[in-house]
Amino acid sequence: MSGDGAVTNGTESGITVTVKSFATFREVMETQLVLQLPGGATVQTLLAELTARYSGLGGMLFAAPGRLRDYVNILKNGRNVHFLAGLDTPLDDGDVIALFPPLAGG
Amino acid sequence: MQETGENERYRRQAAVVGEGGQAALARARIVIAGAGGLGSAIALYCAAAGIGQIRIVDCDTVEVSNLNRQILYRTGDVGAEKVTAAAEDLRALNPGVEVEPVRTRITAGSAASLVEGVDLVLDALDNFAARYALAHAAWQRGIPFIHGAVHGLYGQATTIIPGRSPCLRCIVPAPPPDGATPILGVTTGVIGSIQATEAIKCITGRGTLLTGRVLFWDGVRADVEILPIQGDPACPDCGGADR
Ligand SMILES: [Zn+2]
């Protein structure tokens, strides 16, 4: 944690993130939702929560358990988690997470 | 060069782009990569708007299953080379536009010569191998690249300007699977029209471009959202540029 000396009163404080989905992900989940997650949550924590909520999403996100399909884009405040720490990317209170599969047709 | 009567042809858009803007369109040279669904909408609107030189590239012939979305072609064109039929159609629409049909496949080998001598690249392709090759060739030469792609009733578009936005690799780091995507023709019309709008703005210097932002069109919900997107700070091409 940030170690700024805040008193937590013995309970881990949670975070709130906004999740937005685009394109074909909208066929299996809502277009936007707000989620409470425990402090210390990562992208992995978030995806576990989402796949538990939306049947059909897991197969679109993962090639095998724990292995994200490489073309799935997950942006944390506009930054692709591919360029951060992937599934281990930590989430912060107020983050906006966008999920989309790039489209290819023309 | 554009002949007499051209003032009348562009009368209704003169108030939008101005005389200088119209002259800039007439001087502009673009390449439209792909003469399919996106390419049809882009080419028709760019020719109608008076973009002076249009190179259009595709290696295919017209098939009957193209006709739900590829509005450059008529039923009688089935079996013809796409770029030949497209050039005829565009010249008939606007004889003042110089059309250069190029029948070839877009690869890392051909990309450099295809972007040679143009001011702008319009991505109307259907696969990322060709998109990456063309986007890289454009980036290296400092040429803006206007990306579009569709699936079903969904579409995406973004404008890539070397030094001012992330590159295509950063926006789409890994290619989605290729294959015959389901597409409703109107979706290529929506996204192709957005790409043509970006081209006209880029050439005439008007408005705000989709640089560093991806526009997502959702035809199921009639919803548009624009997401800011940053590149990879370690990217050898763009260094994560997001200005
Ligand atoms: Zn890049």
# chains A, B, ... in the order shown; residues from 1 in each chain; ligands from 1
>>> select_by_dssp(residues="stretch 18-219 of chain B", states="helix (DSSP H, G or I)", output="ChimeraX atom specification")
/B:18-27,37-49,64-66,75-77,82-93,108-115,128-140,168-171,185-204
>>> interface_residues(of="chain A", to="chain B", cutoff="7 Å", atoms="only C-alpha atoms", output="list in words")
Ala23, Asp70, Tyr71, Gly78, Arg79, Phe83, Pro102, Leu103, Ala104, Gly105 and Gly106 of chain A
>>> write_last_selection(atoms="all heavy atoms", output="mmCIF file, in the first residue's frame")
data_model
loop_
_atom_site.group_PDB
_atom_site.id
_atom_site.type_symbol
_atom_site.label_atom_id
_atom_site.label_comp_id
_atom_site.auth_asym_id
_atom_site.auth_seq_id
_atom_site.Cartn_x
_atom_site.Cartn_y
_atom_site.Cartn_z
ATOM 1 N N ALA A 23 -17.594 -3.322 -28.612
ATOM 2 C CA ALA A 23 -17.732 -4.288 -29.714
ATOM 3 C C ALA A 23 -18.353 -5.585 -29.217
ATOM 4 O O ALA A 23 -19.285 -5.551 -28.423
ATOM 5 C CB ALA A 23 -16.382 -4.477 -30.411
ATOM 6 N N ASP A 70 -4.106 -13.050 -26.722
ATOM 7 C CA ASP A 70 -3.149 -11.943 -26.851
ATOM 8 C C ASP A 70 -3.752 -10.711 -27.531
ATOM 9 O O ASP A 70 -3.269 -9.604 -27.334
ATOM 10 C CB ASP A 70 -1.845 -12.395 -27.529
ATOM 11 C CG ASP A 70 -2.069 -12.986 -28.897
ATOM 12 O OD1 ASP A 70 -3.241 -13.011 -29.352
ATOM 13 O OD2 ASP A 70 -1.089 -13.415 -29.521
ATOM 14 N N TYR A 71 -4.825 -10.893 -28.305
ATOM 15 C CA TYR A 71 -5.389 -9.728 -28.998
ATOM 16 C C TYR A 71 -6.439 -8.969 -28.178
ATOM 17 O O TYR A 71 -6.930 -7.926 -28.620
ATOM 18 C CB TYR A 71 -5.987 -10.155 -30.346
ATOM 19 C CG TYR A 71 -7.074 -11.193 -30.257
ATOM 20 C CD1 TYR A 71 -8.382 -10.831 -29.972
ATOM 21 C CD2 TYR A 71 -6.786 -12.543 -30.429
ATOM 22 C CE1 TYR A 71 -9.377 -11.780 -29.869
ATOM 23 C CE2 TYR A 71 -7.773 -13.503 -30.333
ATOM 24 C CZ TYR A 71 -9.071 -13.117 -30.050
ATOM 25 O OH TYR A 71 -10.047 -14.053 -29.947
ATOM 26 N N GLY A 78 -6.676 4.357 -20.384
ATOM 27 C CA GLY A 78 -6.115 4.635 -21.710
ATOM 28 C C GLY A 78 -4.777 3.979 -21.988
ATOM 29 O O GLY A 78 -4.252 4.089 -23.091
ATOM 30 N N ARG A 79 -4.237 3.273 -20.990
ATOM 31 C CA ARG A 79 -2.926 2.631 -21.175
ATOM 32 C C ARG A 79 -3.131 1.124 -21.246
ATOM 33 O O ARG A 79 -3.706 0.539 -20.330
ATOM 34 C CB ARG A 79 -2.027 3.025 -19.986
ATOM 35 C CG ARG A 79 -0.649 2.452 -19.979
ATOM 36 C CD ARG A 79 0.335 3.170 -20.872
ATOM 37 N NE ARG A 79 0.721 4.501 -20.413
ATOM 38 C CZ ARG A 79 1.464 5.327 -21.167
ATOM 39 N NH1 ARG A 79 1.877 4.966 -22.354
ATOM 40 N NH2 ARG A 79 1.785 6.520 -20.710
ATOM 41 N N PHE A 83 1.391 -3.109 -21.852
ATOM 42 C CA PHE A 83 2.592 -2.286 -21.676
ATOM 43 C C PHE A 83 2.861 -2.019 -20.195
ATOM 44 O O PHE A 83 3.807 -1.327 -19.837
ATOM 45 C CB PHE A 83 2.454 -0.942 -22.405
ATOM 46 C CG PHE A 83 1.993 -1.067 -23.828
ATOM 47 C CD1 PHE A 83 1.108 -0.129 -24.371
ATOM 48 C CD2 PHE A 83 2.428 -2.110 -24.633
ATOM 49 C CE1 PHE A 83 0.680 -0.237 -25.684
ATOM 50 C CE2 PHE A 83 1.997 -2.231 -25.946
ATOM 51 C CZ PHE A 83 1.123 -1.284 -26.476
ATOM 52 N N PRO A 102 -10.007 -6.008 -30.775
ATOM 53 C CA PRO A 102 -9.942 -5.195 -31.991
ATOM 54 C C PRO A 102 -10.756 -5.866 -33.105
ATOM 55 O O PRO A 102 -10.824 -7.091 -33.161
ATOM 56 C CB PRO A 102 -8.460 -5.172 -32.342
ATOM 57 C CG PRO A 102 -7.794 -6.179 -31.489
ATOM 58 C CD PRO A 102 -8.713 -6.576 -30.393
ATOM 59 N N LEU A 103 -11.339 -5.076 -33.959
ATOM 60 C CA LEU A 103 -12.091 -5.604 -35.091
ATOM 61 C C LEU A 103 -11.146 -5.685 -36.281
ATOM 62 O O LEU A 103 -10.162 -4.959 -36.345
ATOM 63 C CB LEU A 103 -13.267 -4.680 -35.407
ATOM 64 C CG LEU A 103 -14.148 -4.332 -34.205
ATOM 65 C CD1 LEU A 103 -15.233 -3.355 -34.609
ATOM 66 C CD2 LEU A 103 -14.744 -5.588 -33.592
ATOM 67 N N ALA A 104 -11.445 -6.557 -37.227
ATOM 68 C CA ALA A 104 -10.507 -6.741 -38.338
ATOM 69 C C ALA A 104 -11.135 -6.572 -39.719
ATOM 70 O O ALA A 104 -10.433 -6.361 -40.695
ATOM 71 C CB ALA A 104 -9.856 -8.116 -38.250
ATOM 72 N N GLY A 105 -12.455 -6.655 -39.822
ATOM 73 C CA GLY A 105 -13.082 -6.701 -41.147
ATOM 74 C C GLY A 105 -13.028 -5.364 -41.863
ATOM 75 O O GLY A 105 -12.820 -4.314 -41.278
ATOM 76 N N GLY A 106 -13.212 -5.441 -43.205
ATOM 77 C CA GLY A 106 -13.209 -4.208 -43.975
ATOM 78 C C GLY A 106 -14.120 -4.322 -45.180
ATOM 79 O O GLY A 106 -14.140 -3.452 -46.020
#
>>> atom_distance(atom1="atom CA of B:Val190", atom2="atom CA of A:Thr24")
17.2 Å
>>> residues_around(residues="A:Asp88", least_positions_apart="4", cutoff="10 Å", atoms="only C-alpha atoms", output="MDAnalysis selection string")
chainID A and resid 41:45 81 84
>>> residues_around(residues="stretch 92-99 of chain B", least_positions_apart="6", cutoff="10 Å", atoms="only C-alpha atoms", output="list in words")
Met1, Gln2, Glu3, Thr4, Glu6, Arg9, Ala26, Arg29, Ile30, Val31, Ala43, Leu44, Tyr45, Cys46, Ala47, Ala48, Ala49, Gly50, Ile51, Gly52, Gln53, Ile54, Arg55, Ile56, Val83, Thr84 and Ala86 of chain B
>>> select_by_dssp(residues="stretch 21-62 of chain A", states="strand (DSSP E)", output="list in words")
Ser21, Gln32, Leu33, Val34, Leu35, Gln36, Leu37 and Phe62 of chain A
>>> closest_residue(among="B:Thr204, B:Gln140, B:Asn68, B:Gln195", to="ligand 1", atoms="only C-alpha atoms and all ligand atoms")
B:Gln140
>>> closest_residue(among="A:Asn73, A:Asn80, A:Thr31, A:Ser13", to="ligand 1", atoms="only C-alpha atoms and all ligand atoms")
A:Asn80
>>> closest_residue(among="B:Asn7, B:Ser165, B:Ser193, B:Thr208", to="ligand 1", atoms="only C-alpha atoms and all ligand atoms")
B:Ser165
>>> residues_around(residues="A:Val19", least_positions_apart="5", cutoff="9 Å", atoms="only C-alpha atoms", output="list in words")
Thr31, Gln32, Leu33, Val34, Leu35, Asp95, Val96, Ile97, Ala98 and Leu99 of chain A
>>> write_last_selection(atoms="all heavy atoms", output="mmCIF file, in the first residue's frame")
data_model
loop_
_atom_site.group_PDB
_atom_site.id
_atom_site.type_symbol
_atom_site.label_atom_id
_atom_site.label_comp_id
_atom_site.auth_asym_id
_atom_site.auth_seq_id
_atom_site.Cartn_x
_atom_site.Cartn_y
_atom_site.Cartn_z
ATOM 1 N N THR A 31 -22.545 -2.684 -21.072
ATOM 2 C CA THR A 31 -21.628 -1.745 -21.729
ATOM 3 C C THR A 31 -20.804 -0.970 -20.699
ATOM 4 O O THR A 31 -19.691 -0.549 -20.973
ATOM 5 C CB THR A 31 -22.402 -0.741 -22.600
ATOM 6 O OG1 THR A 31 -23.337 -0.054 -21.772
ATOM 7 C CG2 THR A 31 -23.169 -1.444 -23.698
ATOM 8 N N GLN A 32 -21.367 -0.803 -19.517
ATOM 9 C CA GLN A 32 -20.626 -0.078 -18.467
ATOM 10 C C GLN A 32 -21.122 -0.527 -17.109
ATOM 11 O O GLN A 32 -22.323 -0.732 -16.911
ATOM 12 C CB GLN A 32 -20.840 1.434 -18.632
ATOM 13 C CG GLN A 32 -20.085 2.234 -17.591
ATOM 14 C CD GLN A 32 -19.980 3.716 -17.946
ATOM 15 O OE1 GLN A 32 -20.017 4.082 -19.120
ATOM 16 N NE2 GLN A 32 -19.846 4.552 -16.945
ATOM 17 N N LEU A 33 -20.207 -0.703 -16.161
ATOM 18 C CA LEU A 33 -20.614 -1.016 -14.796
ATOM 19 C C LEU A 33 -19.568 -0.497 -13.817
ATOM 20 O O LEU A 33 -18.419 -0.248 -14.188
ATOM 21 C CB LEU A 33 -20.845 -2.513 -14.593
ATOM 22 C CG LEU A 33 -19.658 -3.461 -14.634
ATOM 23 C CD1 LEU A 33 -19.964 -4.712 -13.820
ATOM 24 C CD2 LEU A 33 -19.378 -3.886 -16.066
ATOM 25 N N VAL A 34 -20.014 -0.290 -12.586
ATOM 26 C CA VAL A 34 -19.116 0.177 -11.534
ATOM 27 C C VAL A 34 -18.979 -0.961 -10.535
ATOM 28 O O VAL A 34 -19.968 -1.554 -10.120
ATOM 29 C CB VAL A 34 -19.688 1.440 -10.852
ATOM 30 C CG1 VAL A 34 -18.831 1.869 -9.671
ATOM 31 C CG2 VAL A 34 -19.803 2.567 -11.874
ATOM 32 N N LEU A 35 -17.732 -1.294 -10.202
ATOM 33 C CA LEU A 35 -17.467 -2.443 -9.317
ATOM 34 C C LEU A 35 -16.662 -2.016 -8.097
ATOM 35 O O LEU A 35 -15.745 -1.197 -8.209
ATOM 36 C CB LEU A 35 -16.639 -3.485 -10.067
ATOM 37 C CG LEU A 35 -17.337 -4.462 -11.011
ATOM 38 C CD1 LEU A 35 -16.292 -5.401 -11.598
ATOM 39 C CD2 LEU A 35 -18.414 -5.246 -10.281
ATOM 40 N N ASP A 95 -10.120 4.090 -11.205
ATOM 41 C CA ASP A 95 -9.665 3.674 -12.534
ATOM 42 C C ASP A 95 -10.851 3.430 -13.472
ATOM 43 O O ASP A 95 -11.908 2.954 -13.050
ATOM 44 C CB ASP A 95 -8.880 2.352 -12.448
ATOM 45 C CG ASP A 95 -7.414 2.557 -12.091
ATOM 46 O OD1 ASP A 95 -6.962 3.724 -12.063
ATOM 47 O OD2 ASP A 95 -6.731 1.548 -11.837
ATOM 48 N N VAL A 96 -10.614 3.746 -14.750
ATOM 49 C CA VAL A 96 -11.569 3.359 -15.801
ATOM 50 C C VAL A 96 -10.881 2.281 -16.628
ATOM 51 O O VAL A 96 -9.796 2.503 -17.184
ATOM 52 C CB VAL A 96 -11.952 4.565 -16.686
ATOM 53 C CG1 VAL A 96 -12.874 4.108 -17.822
ATOM 54 C CG2 VAL A 96 -12.614 5.649 -15.849
ATOM 55 N N ILE A 97 -11.518 1.128 -16.677
ATOM 56 C CA ILE A 97 -10.947 -0.011 -17.391
ATOM 57 C C ILE A 97 -11.800 -0.272 -18.631
ATOM 58 O O ILE A 97 -13.014 -0.464 -18.528
ATOM 59 C CB ILE A 97 -10.945 -1.282 -16.507
ATOM 60 C CG1 ILE A 97 -10.275 -1.012 -15.159
ATOM 61 C CG2 ILE A 97 -10.301 -2.453 -17.247
ATOM 62 C CD1 ILE A 97 -8.813 -0.622 -15.244
ATOM 63 N N ALA A 98 -11.161 -0.250 -19.798
ATOM 64 C CA ALA A 98 -11.885 -0.515 -21.048
ATOM 65 C C ALA A 98 -11.462 -1.869 -21.586
ATOM 66 O O ALA A 98 -10.272 -2.192 -21.599
ATOM 67 C CB ALA A 98 -11.581 0.577 -22.065
ATOM 68 N N LEU A 99 -12.425 -2.657 -22.012
ATOM 69 C CA LEU A 99 -12.160 -3.994 -22.568
ATOM 70 C C LEU A 99 -12.647 -4.022 -24.008
ATOM 71 O O LEU A 99 -13.807 -3.714 -24.263
ATOM 72 C CB LEU A 99 -12.956 -5.063 -21.811
ATOM 73 C CG LEU A 99 -12.775 -5.206 -20.311
ATOM 74 C CD1 LEU A 99 -13.743 -6.273 -19.787
ATOM 75 C CD2 LEU A 99 -11.348 -5.613 -20.006
#
>>> atom_distance(atom1="atom CA of A:Pro90", atom2="atom CA of A:Gly40")
6.7 Å
>>> residues_around(residues="B:Gly109", least_positions_apart="2", cutoff="12 Å", atoms="only C-alpha atoms", output="MDAnalysis selection string")
chainID B and resid 104:107 111:115 129:130 133:134 136:137
>>> write_last_selection(atoms="N, CA and C atoms", output="PDB file, in the first residue's frame")
ATOM      1  N   THR B 104      -2.746  -5.311 -56.761  1.00  0.00           N
ATOM      2  CA  THR B 104      -1.665  -6.031 -56.104  1.00  0.00           C
ATOM      3  C   THR B 104      -2.074  -6.368 -54.682  1.00  0.00           C
ATOM      4  N   ARG B 105      -1.357  -7.320 -54.088  1.00  0.00           N
ATOM      5  CA  ARG B 105      -1.580  -7.676 -52.698  1.00  0.00           C
ATOM      6  C   ARG B 105      -0.691  -6.772 -51.836  1.00  0.00           C
ATOM      7  N   ILE B 106      -1.205  -6.338 -50.693  1.00  0.00           N
ATOM      8  CA  ILE B 106      -0.428  -5.448 -49.831  1.00  0.00           C
ATOM      9  C   ILE B 106       0.369  -6.284 -48.835  1.00  0.00           C
ATOM     10  N   THR B 107       1.698  -6.182 -48.964  1.00  0.00           N
ATOM     11  CA  THR B 107       2.608  -6.951 -48.111  1.00  0.00           C
ATOM     12  C   THR B 107       3.706  -6.007 -47.629  1.00  0.00           C
ATOM     13  N   ALA B 111       4.323  -2.507 -49.654  1.00  0.00           N
ATOM     14  CA  ALA B 111       3.769  -1.353 -48.938  1.00  0.00           C
ATOM     15  C   ALA B 111       4.493  -0.047 -49.259  1.00  0.00           C
ATOM     16  N   ALA B 112       5.833  -0.108 -49.308  1.00  0.00           N
ATOM     17  CA  ALA B 112       6.609   1.119 -49.506  1.00  0.00           C
ATOM     18  C   ALA B 112       6.235   1.797 -50.818  1.00  0.00           C
ATOM     19  N   SER B 113       6.142   1.009 -51.911  1.00  0.00           N
ATOM     20  CA  SER B 113       5.842   1.641 -53.193  1.00  0.00           C
ATOM     21  C   SER B 113       4.393   2.133 -53.242  1.00  0.00           C
ATOM     22  N   LEU B 114       3.507   1.497 -52.476  1.00  0.00           N
ATOM     23  CA  LEU B 114       2.099   1.912 -52.506  1.00  0.00           C
ATOM     24  C   LEU B 114       1.867   3.257 -51.815  1.00  0.00           C
ATOM     25  N   VAL B 115       2.705   3.590 -50.834  1.00  0.00           N
ATOM     26  CA  VAL B 115       2.518   4.876 -50.136  1.00  0.00           C
ATOM     27  C   VAL B 115       3.392   5.971 -50.760  1.00  0.00           C
ATOM     28  N   ALA B 129      -2.137  -8.259 -40.924  1.00  0.00           N
ATOM     29  CA  ALA B 129      -0.796  -8.414 -41.491  1.00  0.00           C
ATOM     30  C   ALA B 129      -0.553  -7.277 -42.487  1.00  0.00           C
ATOM     31  N   ALA B 130      -1.512  -7.048 -43.375  1.00  0.00           N
ATOM     32  CA  ALA B 130      -1.383  -5.980 -44.365  1.00  0.00           C
ATOM     33  C   ALA B 130      -1.441  -4.608 -43.690  1.00  0.00           C
ATOM     34  N   ALA B 133       1.928  -3.745 -42.099  1.00  0.00           N
ATOM     35  CA  ALA B 133       2.935  -3.449 -43.120  1.00  0.00           C
ATOM     36  C   ALA B 133       2.729  -2.040 -43.685  1.00  0.00           C
ATOM     37  N   LEU B 134       1.483  -1.711 -44.001  1.00  0.00           N
ATOM     38  CA  LEU B 134       1.189  -0.419 -44.608  1.00  0.00           C
ATOM     39  C   LEU B 134       1.361   0.720 -43.598  1.00  0.00           C
ATOM     40  N   HIS B 136       3.302   0.790 -41.048  1.00  0.00           N
ATOM     41  CA  HIS B 136       4.726   0.986 -40.772  1.00  0.00           C
ATOM     42  C   HIS B 136       5.378   1.802 -41.893  1.00  0.00           C
ATOM     43  N   ALA B 137       5.033   1.456 -43.145  1.00  0.00           N
ATOM     44  CA  ALA B 137       5.589   2.192 -44.294  1.00  0.00           C
ATOM     45  C   ALA B 137       5.159   3.661 -44.226  1.00  0.00           C
TER      46      ALA B 137
END
>>> atom_distance(atom1="atom CA of B:Val78", atom2="atom CA of B:Val57")
17.7 Å
